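For reference, the structure discussed in these notes is given below.
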Amino acid sequence: MDKFVVNGGKPLHGEVTISGAKNAAVAIIPAAILAEGPCIIENVPNISDVALLTRILHDMGASVRMINKSTLEINAKHLTSQPVPYDLARNMRASYYFLGALLGRFSKASVPMPGGCDFGVRPIDQHIKGFKLLGAQVELENGMVNVSAERLTGTQIYFDVVSVGATINVMLAAVKARGMTVIENAAKEPHIVDLANFLNSMGADIMGAGTDVIKIRGVEKLRPTTYTIIPDQIEAGTYMVLAAATKGDVMIKNVIPKHLEPITDKLMKMGVEVEEFDDSLHVRRPGELTGVNIRTMPHPGFPTDMQPQMTVLLALANNTSIVTEGVWDNRFRYVDELRRMGANIQVDGKVAVVEGKGSLTAAPVKATDLRAGAAMLIAALAANGESQIEDIYHIERGYEEIEEKLRALGADIRKISTPDKHMKKAL
Ligand code: EPU
C-alpha cells in the first residue's frame with residue numbers, strides 16, 4: 001500500500017499544466033467502440049481509471065495502444081459483444097458506460113453492477129429507464145446488468161433526476177438508434193458536451209448538449225476520428241484551492257476558465273485573487289481567508305467534486321461557513337479525517353457547518369475516496385509539519401502525476417510503500 005508523506009506549511013509557487021478531463025475520458029474511451037475502425041484520442045490523462053478501461057477494452061478484443069504519453073489509439077473493429085470482465089469492471093463506476101456503448105454497437109451488453117466512490121446509495125434506475133424507453137430489455141442477474149434489444153428506436157426520455165451517467169449512457173445507446181431521441185432534464189456538465197463533440201466528430205447527429213434538452217438523430221454508421229479531450233475542470237479547481245490553501249501563487253495552464261467560474265467566484269469572495277487569461281488562470285492568496293456558504297449542484301452550479309477540497313479551505317478561514325451537498329446523499333465521510341487535523345466541522349445529513357480556525361495541524365489521515373483524498377493532500381500541504389496520507393490509490397484514480405506536479409510547485413511530498421494490511425496480519 002502506498003502513502004504520501006507531506007511536510008506542509010510551504011506556499012506553492014510556479015506553474016502547473018492541467019491534464020485531460022477524467023470524467024470526459026472515461027466516457028469517450030468506451031464510446032470509441034461505436035466506430036468500427038481506429039480512433040485517436042489526444043490529451044488522455046495518465047490515471048488508473050483510464051488504465052483500467054483500456055485493459056477492459058483490450059481483454060474484449062479491441063486493439064489499444066499508446067501513441068505517446070497522452071495519445072491513445074483504440075481500434076474496436078474486432079471487438080465482440082461479450083460480458084465485460086467482472087473483476088476489472090466491478091470496482092469502477094464508469095465501466096457502466098460499456099452498457100450504452102455496447103448496446104449502441106451490438107444491441108446488447110452485459111456489464112457488472114458498478115462500484116466506485118462510496119457516497120451512499122448510487123442507483124442506476126435512470127439509466128435503466130432510458131434503455132427501456134429505447135426498446136431494450138434489462139435484467140439484473142448474478143451481479144451483472146444485461147441489456148438487449150432487437151433494434152433500438154428513438155424516443156422521448158425525461159430523467160426524474162439530473163444524472164451525468166444516465167445522460168451519457170443514453171447518448172451512447174441512442175446514437176445509432178432508428179429515429180430521433182430527445183433527452184429532457186439532461187445533465188449539462190462539460191464532459192457531456194465533450195462526449196457529444198466526440199460522437200459528432202464520428203458522424204453522429206447530436207444537438208443541444210450542454211442544455212437541458214439533448215436531441216439525438218440516429219445515424220447508420222459512425223466513422224473513426226481523431227479527437228482531443230478537454231482539460232479537467234476538477235483537477236484545475238483542485239490546484240486553485242491548493243494555491244489558496246498554502247498562501248501560494250500559482251499559474252494554472254491548459255484550462256477552460258468558463259468551466260471554472262463557480263469555483264473562481266467562491267475563491268474571490270474568500271479573498272483569493274484569480275486572474276483569467278485565455279487558457280490559464282493565475283491564483284494568488286494575498287491575506288486571510290473569509291468563509292463563504294457553498295451549495296453543490298449539477299453544472300453550472302458549484303461542482304460536488306470540488307466540495308471536499310473547498311471544505312478544507314473553509315476550515316482555514318477565520319469564520320463560520322455552511323456547506324450543503326446538493327448532489328450526493330453521503331459525501332461528508334472524509335470529515336472525520338479532517339477532524340484529526342484540528343478542523344471543527346459539524347455534519348448533519350447533507351449540511352456541514354465549518355468553523356474556520358485559520359489553520360490545521362499535521363496528522364496521519366487516509367483518503368476515503370478520490371476527491372476526499374485530494375482534500376487530505378490540500379490540508380496536509382497547508383498544515384505545518386509532517387502528515388501521512390494512506391490509501392492514495394483513490395487519488396491516483398483521477399489525478400495525473402500529482403506527486404510530480406506538486407513537487408514542481410515546491411511541495412515537500414514523497415510516496416512511500418508500506419506492506420499491505422493483510423501482509424501485516426500474516427507477519
Ligand atoms: N441518480 C439516481 N439514479 C440514477 C443515476 C443517478 O438517483 O440512475 C442520482 C445519484 O444517486 C446522485 C445524482 O443522481 O444523487 C447524480 O448522480 P450522477 O448520475 O450525475 O453521477 P455519476 O454519473 O454516477 C458523475 C461523476 C462523479 C460526479 C457526479 C456528479 C463520472 C465517472 N463520475 O457520477 O464524479 O460526482 O457525476 O457530478 O463522471 C469524481 O470524479 O470524483 C466523481 C465522483
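Following the order of the C-alpha cells, chains are lettered A, B, ..., residues in each are numbered from 1, and ligands are numbered from 1.
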If you run DSSP on the backbone here, which positions in stretch 243-419 of chain A get strand (DSSP E or B)? Please write them as an MDAnalysis selection string. chainID A and resid 249:253 273:276 280:284 294:296 302 320:324 344:348 351:355 361 364:366 384:390 412:417
Nearby residues, ligand 1, 7 Å, only C-alpha atoms and all ligand atoms, as JSON, numbers by chain: {"A": [23, 26, 93, 94, 117, 121, 122, 123, 124, 125, 126, 127, 161, 162, 163, 164, 165, 166, 298, 303, 304, 305, 327, 328, 329, 370, 371]}
For A:Val16, which residue among A:Arg340, A:Lys350, A:His282, A:Arg331 is the nearest when counting only C-alpha atoms?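 Closest to A:Val16, using only C-alpha atoms: A:His282.
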Stretch 352-356 of chain A environment, 7 Å, only C-alpha atoms, sequence neighbours closer than 2 positions dropped, as a list in words: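 In the requested form, the answer reads Leu314, Ala315, Leu316, Ala317, Asn318, Asn319, Thr320, Ser321, Ile322, Val323, Thr324, Asn344, Ile345, Gln346, Val347, Asp348, Lys350 and Gly358 of chain A.
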Write to file, as a compact mmCIF listing (two decimals), in the first residue's frame, the residues of the selection just made, with all heavy atoms.
# COMPACT_ATOMS: atom_id res chain seq x y z
N LEU A 314 -12.33 26.24 3.64
CA LEU A 314 -13.21 26.94 4.59
C LEU A 314 -12.74 26.69 6.03
O LEU A 314 -12.87 27.57 6.88
CB LEU A 314 -14.66 26.48 4.40
CG LEU A 314 -15.27 26.83 3.04
CD1 LEU A 314 -16.63 26.20 2.86
CD2 LEU A 314 -15.37 28.35 2.85
N ALA A 315 -12.17 25.50 6.27
CA ALA A 315 -11.64 25.22 7.62
C ALA A 315 -10.42 26.11 7.92
O ALA A 315 -10.07 26.31 9.07
CB ALA A 315 -11.27 23.74 7.73
N LEU A 316 -9.80 26.62 6.85
CA LEU A 316 -8.63 27.50 7.02
C LEU A 316 -9.03 28.98 7.09
O LEU A 316 -8.18 29.85 7.23
CB LEU A 316 -7.65 27.30 5.86
CG LEU A 316 -6.97 25.93 5.78
CD1 LEU A 316 -6.31 25.73 4.42
CD2 LEU A 316 -5.94 25.79 6.89
N ALA A 317 -10.33 29.26 6.93
CA ALA A 317 -10.81 30.65 7.02
C ALA A 317 -10.95 31.04 8.49
O ALA A 317 -10.71 30.23 9.39
CB ALA A 317 -12.15 30.78 6.29
N ASN A 318 -11.37 32.27 8.72
CA ASN A 318 -11.42 32.74 10.11
C ASN A 318 -12.83 32.89 10.66
O ASN A 318 -13.02 33.49 11.71
CB ASN A 318 -10.68 34.08 10.22
CG ASN A 318 -9.19 33.83 10.15
OD1 ASN A 318 -8.66 32.98 10.87
ND2 ASN A 318 -8.51 34.53 9.26
N ASN A 319 -13.81 32.39 9.92
CA ASN A 319 -15.18 32.47 10.43
C ASN A 319 -15.95 31.23 10.02
O ASN A 319 -15.37 30.29 9.48
CB ASN A 319 -15.86 33.76 9.96
CG ASN A 319 -15.69 33.98 8.47
OD1 ASN A 319 -14.81 33.38 7.85
ND2 ASN A 319 -16.53 34.80 7.90
N THR A 320 -17.25 31.24 10.24
CA THR A 320 -18.05 30.03 10.04
C THR A 320 -18.71 30.01 8.66
O THR A 320 -19.19 31.04 8.19
CB THR A 320 -19.12 29.94 11.15
OG1 THR A 320 -18.43 29.95 12.39
CG2 THR A 320 -19.96 28.69 11.03
N SER A 321 -18.71 28.84 8.02
CA SER A 321 -19.34 28.69 6.70
C SER A 321 -20.26 27.48 6.74
O SER A 321 -20.07 26.57 7.55
CB SER A 321 -18.29 28.41 5.62
OG SER A 321 -17.25 29.32 5.67
N ILE A 322 -21.20 27.47 5.81
CA ILE A 322 -22.10 26.31 5.70
C ILE A 322 -21.93 25.68 4.32
O ILE A 322 -21.97 26.39 3.30
CB ILE A 322 -23.57 26.74 5.91
CG1 ILE A 322 -23.72 27.26 7.34
CG2 ILE A 322 -24.52 25.56 5.66
CD1 ILE A 322 -25.07 27.82 7.65
N VAL A 323 -21.71 24.38 4.29
CA VAL A 323 -21.58 23.65 3.03
C VAL A 323 -22.77 22.72 2.91
O VAL A 323 -23.00 21.88 3.78
CB VAL A 323 -20.27 22.83 2.99
CG1 VAL A 323 -20.16 22.07 1.66
CG2 VAL A 323 -19.05 23.72 3.20
N THR A 324 -23.53 22.86 1.82
CA THR A 324 -24.69 21.99 1.61
C THR A 324 -24.42 21.13 0.38
O THR A 324 -24.12 21.66 -0.70
CB THR A 324 -25.97 22.84 1.37
OG1 THR A 324 -26.05 23.80 2.43
CG2 THR A 324 -27.22 21.98 1.34
N ASN A 344 -12.84 21.97 12.81
CA ASN A 344 -14.06 21.95 13.62
C ASN A 344 -15.26 21.98 12.67
O ASN A 344 -15.64 23.03 12.18
CB ASN A 344 -14.03 23.18 14.55
CG ASN A 344 -15.16 23.11 15.56
OD1 ASN A 344 -16.04 22.25 15.46
ND2 ASN A 344 -15.14 24.01 16.53
N ILE A 345 -15.78 20.80 12.38
CA ILE A 345 -16.86 20.69 11.39
C ILE A 345 -17.96 19.81 11.96
O ILE A 345 -17.69 18.69 12.41
CB ILE A 345 -16.34 20.06 10.07
CG1 ILE A 345 -15.16 20.87 9.52
CG2 ILE A 345 -17.46 19.97 9.02
CD1 ILE A 345 -14.52 20.28 8.28
N GLN A 346 -19.18 20.32 11.97
CA GLN A 346 -20.34 19.51 12.41
C GLN A 346 -21.14 19.13 11.17
O GLN A 346 -21.44 20.00 10.35
CB GLN A 346 -21.27 20.33 13.33
CG GLN A 346 -20.59 20.93 14.55
CD GLN A 346 -19.82 19.89 15.35
OE1 GLN A 346 -20.29 18.77 15.55
NE2 GLN A 346 -18.62 20.27 15.79
N VAL A 347 -21.46 17.85 11.06
CA VAL A 347 -22.23 17.40 9.89
C VAL A 347 -23.60 16.93 10.34
O VAL A 347 -23.73 16.18 11.30
CB VAL A 347 -21.51 16.24 9.16
CG1 VAL A 347 -22.33 15.74 7.99
CG2 VAL A 347 -20.14 16.69 8.68
N ASP A 348 -24.63 17.39 9.64
CA ASP A 348 -25.98 16.90 9.88
C ASP A 348 -26.57 16.57 8.51
O ASP A 348 -26.99 17.46 7.78
CB ASP A 348 -26.81 17.97 10.60
CG ASP A 348 -28.18 17.45 10.99
OD1 ASP A 348 -28.46 16.25 10.74
OD2 ASP A 348 -28.99 18.24 11.52
N LYS A 350 -26.93 16.32 4.93
CA LYS A 350 -26.26 16.87 3.75
C LYS A 350 -25.68 18.26 4.02
O LYS A 350 -25.32 18.99 3.08
CB LYS A 350 -27.26 16.95 2.60
CG LYS A 350 -27.68 15.59 2.07
CD LYS A 350 -28.78 15.80 1.07
CE LYS A 350 -28.78 14.74 0.00
NZ LYS A 350 -29.55 15.12 -1.16
N GLY A 358 -8.50 29.19 10.95
CA GLY A 358 -7.31 29.85 10.42
C GLY A 358 -6.18 28.90 10.07
O GLY A 358 -5.32 29.22 9.26
DSSP alpha helix (DSSP H) residues within stretch 372-405 of chain A, listed as a PyMOL selection string: chain A and resi 372-382+393-396+402-405
Could the residues in this selection be written to a file with C-alpha atoms, as an mmCIF file, in the first residue's frame?
data_model
loop_
_atom_site.group_PDB
_atom_site.id
_atom_site.type_symbol
_atom_site.label_atom_id
_atom_site.label_comp_id
_atom_site.auth_asym_id
_atom_site.auth_seq_id
_atom_site.Cartn_x
_atom_site.Cartn_y
_atom_site.Cartn_z
ATOM 1 C CA ALA A 372 -11.631 13.356 -0.326
ATOM 2 C CA GLY A 373 -8.061 12.210 -0.957
ATOM 3 C CA ALA A 374 -7.339 15.452 -2.812
ATOM 4 C CA ALA A 375 -8.820 17.321 0.158
ATOM 5 C CA MET A 376 -6.450 15.493 2.544
ATOM 6 C CA LEU A 377 -3.496 16.478 0.361
ATOM 7 C CA ILE A 378 -4.584 20.119 0.432
ATOM 8 C CA ALA A 379 -4.975 20.004 4.203
ATOM 9 C CA ALA A 380 -1.577 18.300 4.628
ATOM 10 C CA LEU A 381 0.170 20.842 2.391
ATOM 11 C CA ALA A 382 -1.422 23.724 4.318
ATOM 12 C CA TYR A 393 -4.773 4.667 -4.714
ATOM 13 C CA HIS A 394 -8.023 6.643 -4.566
ATOM 14 C CA ILE A 395 -6.136 9.829 -5.529
ATOM 15 C CA GLU A 396 -4.256 8.093 -8.337
ATOM 16 C CA ILE A 402 0.094 14.558 -8.716
ATOM 17 C CA GLU A 403 3.261 13.962 -6.751
ATOM 18 C CA GLU A 404 5.484 15.300 -9.572
ATOM 19 C CA LYS A 405 3.209 18.279 -10.255
#
Atom CA of A:Ile28 and atom CA of A:Ala51 are how many Å apart? 13.5 Å
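Proximity to A:Asp49 was assessed for A:Asp87, A:Glu400, A:Glu189, A:Asp279 counting only C-alpha atoms; the smallest distance is recorded for A:Glu400.
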